[in-house]
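For reference, the structure is listed below as structure tokens.
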Amino acid sequence: MAGGGGRNWRLVRADTDAVPSSVRRFMARARQRRLRALLPWAVGAGVVLVIGGLLWMVYATPVLGVREVRVVGADVLTAEQVQEAAAVPMREPLARVDLDAVRTRVQNLAPVDHAVVSRSWPASVVVEVVERTPVAAVRAGKKYTLVDDEGVPYRSVARKPAGIPIAELAKPAPDDVNTKAMLTVLGSLTEELREQLLQISVPAPARIELLLRKERKVVWGDDSASDTKAQVSTALLRRDGRIIDVSAPAVVTIR
């Protein structure tokens, strides 16, 4: 600096050795504390990014999309029929498939009693089908309509399946009084009666009759006291007589 007896100043950088070691240690600890304070935030942000990426991949992309609809348990129905009813879009993200809606659509198939639908990662929907089991066959022209244990007519066949009786019913249905009476009687039969039963006739709820092998008949009446009627009828099978009348089980006749 010129004149006036002033001083000339010059800025120089002090050597690190000029900073006391205690100050350096304090500054290092301060930096470590700041890093430790930031670390949870950095980890949290990383976790959020990873989870967000995974969710996007699972729910919004076809990377884990449906590539197969696997059908288990179908017998009367074909796998193709069940798959068509399930109507699961291929390549739709598996996590977004509405399993309840798929189950409802499959259960709308007449032969299906109920269905269980689940995801099988990474790319399959599994449809487990339980089909209805017939307890009787109703003549319908030259064919037979199969009826299950809930009174649901669900399938038409050309031949009556072996081991189930013919049912003489005007209009089988779950809410039909004659159908309900038939189911009550069938559910009460002993094993011996069931083996001999060829046909059950229900023209009215109080006029039930069973046609057995060897042209024997059981006049059942209504469906009340069916368990008792079944036991009495079974005991009387060992006696001679073609017609067993248990419509009033306290006063049984055989002729």
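Naming scheme: A, B, ... for chains in displayed order of the structure tokens; residues 1 onward per chain; ligands 1 onward as shown.
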Taking only C-alpha atoms into account, produce a table as a tab-separated table in which each residue of region 133-185 of chain A with an atom at most 7 Å from an atom of region 194-204 of chain A appears once, together with its shortest atom pair and the distance in Å to one decimal, ordered by chain and rising number.
```
residue	atom	partner	partner_atom	distance
A:Pro165	CA	A:Leu198	CA	4.9
A:Ile166	CA	A:Gln199	CA	4.6
A:Ala167	CA	A:Ile200	CA	4.9
A:Glu168	CA	A:Ser201	CA	4.5
A:Leu169	CA	A:Val202	CA	5.9
A:Asn178	CA	A:Val202	CA	6.0
A:Met182	CA	A:Val202	CA	6.8
```
Find the residues of region 133-193 of chain A that sit at most 9 Å from region 209-222 of chain A; for each, write down the nearest two atoms and how far apart they are in Å, to one decimal. Count only C-alpha atoms. Sort by chain, then by number going up, and give it as a tab-separated table.
```
residue	atom	partner	partner_atom	distance
A:Ala181	CA	A:Asp222	CA	7.5
A:Val185	CA	A:Trp220	CA	8.7
A:Leu193	CA	A:Leu212	CA	8.0
```
List the spatial neighbours of region 126-132 of chain A as a ChimeraX atom specification - criterion: any atom at most 12 Å away, only C-alpha atoms, same-chain residues fewer than 5 positions off excluded.
/A:66-88,94,97,99-100,102-121,146-155
May I have the residues within 12 Å of Ser224 (chain A) as an MDAnalysis selection string, using only C-alpha atoms and disregarding those fewer than 2 positions away in the same chain?
chainID A and resid 180:182 184:185 188 205:208 220:222 226:230 246:249
Region 234-239 of chain A environment, 9 Å, only C-alpha atoms, sequence neighbours closer than 6 positions dropped, as a count of residues only
5
Would you please extract all strand (DSSP E) residues from region 43-253 of chain A, as assigned by DSSP on the backbone, and give them as an mmCIF file with C-alpha atoms, in the first residue's frame?
```cif
data_model
loop_
_atom_site.group_PDB
_atom_site.id
_atom_site.type_symbol
_atom_site.label_atom_id
_atom_site.label_comp_id
_atom_site.auth_asym_id
_atom_site.auth_seq_id
_atom_site.Cartn_x
_atom_site.Cartn_y
_atom_site.Cartn_z
ATOM 1 C CA GLU A 68 -51.599 -69.117 -17.512
ATOM 2 C CA VAL A 69 -55.025 -69.963 -16.068
ATOM 3 C CA ARG A 70 -54.672 -73.427 -14.543
ATOM 4 C CA VAL A 71 -57.855 -75.448 -13.938
ATOM 5 C CA VAL A 72 -58.009 -78.159 -11.261
ATOM 6 C CA VAL A 112 -70.070 -75.975 -10.716
ATOM 7 C CA ASP A 113 -71.033 -76.267 -7.054
ATOM 8 C CA HIS A 114 -68.272 -73.912 -5.918
ATOM 9 C CA ALA A 115 -64.816 -72.741 -6.941
ATOM 10 C CA VAL A 116 -61.652 -71.524 -5.240
ATOM 11 C CA VAL A 117 -59.465 -69.049 -7.142
ATOM 12 C CA SER A 118 -55.912 -68.151 -6.126
ATOM 13 C CA ARG A 119 -52.696 -66.606 -7.431
ATOM 14 C CA SER A 120 -49.648 -68.741 -8.123
ATOM 15 C CA SER A 124 -50.577 -68.107 -12.922
ATOM 16 C CA VAL A 125 -54.191 -67.966 -11.766
ATOM 17 C CA VAL A 126 -55.359 -71.309 -10.329
ATOM 18 C CA VAL A 127 -59.071 -72.196 -10.501
ATOM 19 C CA GLU A 128 -60.061 -75.175 -8.336
ATOM 20 C CA VAL A 129 -63.510 -76.447 -9.342
ATOM 21 C CA VAL A 130 -65.846 -78.632 -7.305
ATOM 22 C CA GLU A 131 -68.594 -79.909 -9.565
ATOM 23 C CA PRO A 134 -76.181 -85.873 -8.871
ATOM 24 C CA VAL A 135 -78.595 -87.507 -6.418
ATOM 25 C CA ALA A 136 -81.419 -88.115 -8.915
ATOM 26 C CA ALA A 137 -82.196 -87.993 -12.618
ATOM 27 C CA VAL A 138 -85.461 -86.545 -13.952
ATOM 28 C CA ARG A 139 -86.773 -87.761 -17.294
ATOM 29 C CA ALA A 140 -86.959 -84.980 -19.867
ATOM 30 C CA LYS A 143 -82.868 -87.385 -21.974
ATOM 31 C CA TYR A 144 -82.353 -87.030 -18.246
ATOM 32 C CA THR A 145 -81.828 -83.895 -16.186
ATOM 33 C CA LEU A 146 -79.428 -84.405 -13.302
ATOM 34 C CA VAL A 147 -80.378 -82.868 -9.944
ATOM 35 C CA ASP A 148 -77.899 -82.302 -7.094
ATOM 36 C CA PRO A 153 -81.070 -79.186 -12.111
ATOM 37 C CA TYR A 154 -77.740 -78.608 -13.766
ATOM 38 C CA ARG A 155 -77.050 -80.973 -16.654
ATOM 39 C CA SER A 156 -78.847 -82.881 -19.398
ATOM 40 C CA VAL A 157 -77.516 -86.336 -20.342
ATOM 41 C CA ILE A 166 -84.933 -91.776 -11.442
ATOM 42 C CA ALA A 167 -87.078 -89.030 -9.910
ATOM 43 C CA GLU A 168 -90.632 -88.454 -11.091
ATOM 44 C CA LEU A 197 -83.987 -97.864 -4.941
ATOM 45 C CA LEU A 198 -84.757 -97.518 -8.645
ATOM 46 C CA GLN A 199 -87.189 -94.614 -8.671
ATOM 47 C CA ILE A 200 -88.752 -92.049 -6.366
ATOM 48 C CA SER A 201 -92.099 -90.582 -7.348
ATOM 49 C CA ILE A 208 -94.235 -90.003 -2.131
ATOM 50 C CA GLU A 209 -93.510 -93.546 -3.287
ATOM 51 C CA LEU A 210 -90.329 -95.546 -3.752
ATOM 52 C CA LEU A 211 -89.936 -98.186 -6.452
ATOM 53 C CA LEU A 212 -87.401 -100.833 -5.445
ATOM 54 C CA LYS A 217 -92.864 -100.508 -3.618
ATOM 55 C CA VAL A 218 -92.739 -98.395 -0.470
ATOM 56 C CA VAL A 219 -95.669 -96.046 0.116
ATOM 57 C CA TRP A 220 -93.968 -93.204 1.996
ATOM 58 C CA GLY A 221 -96.689 -90.585 2.263
ATOM 59 C CA ILE A 243 -96.053 -103.190 -1.120
ATOM 60 C CA ILE A 244 -94.786 -101.737 2.160
ATOM 61 C CA ASP A 245 -96.870 -98.860 3.511
ATOM 62 C CA THR A 253 -98.865 -102.545 6.597
#
```
Looking only at the backbone, which of the residues in region 36-204 of chain A does DSSP tag as helix (DSSP H, G or I), as a ChimeraX atom specification?
/A:36-60,62-64,79-86,94-96,99-107,177-188,191-196
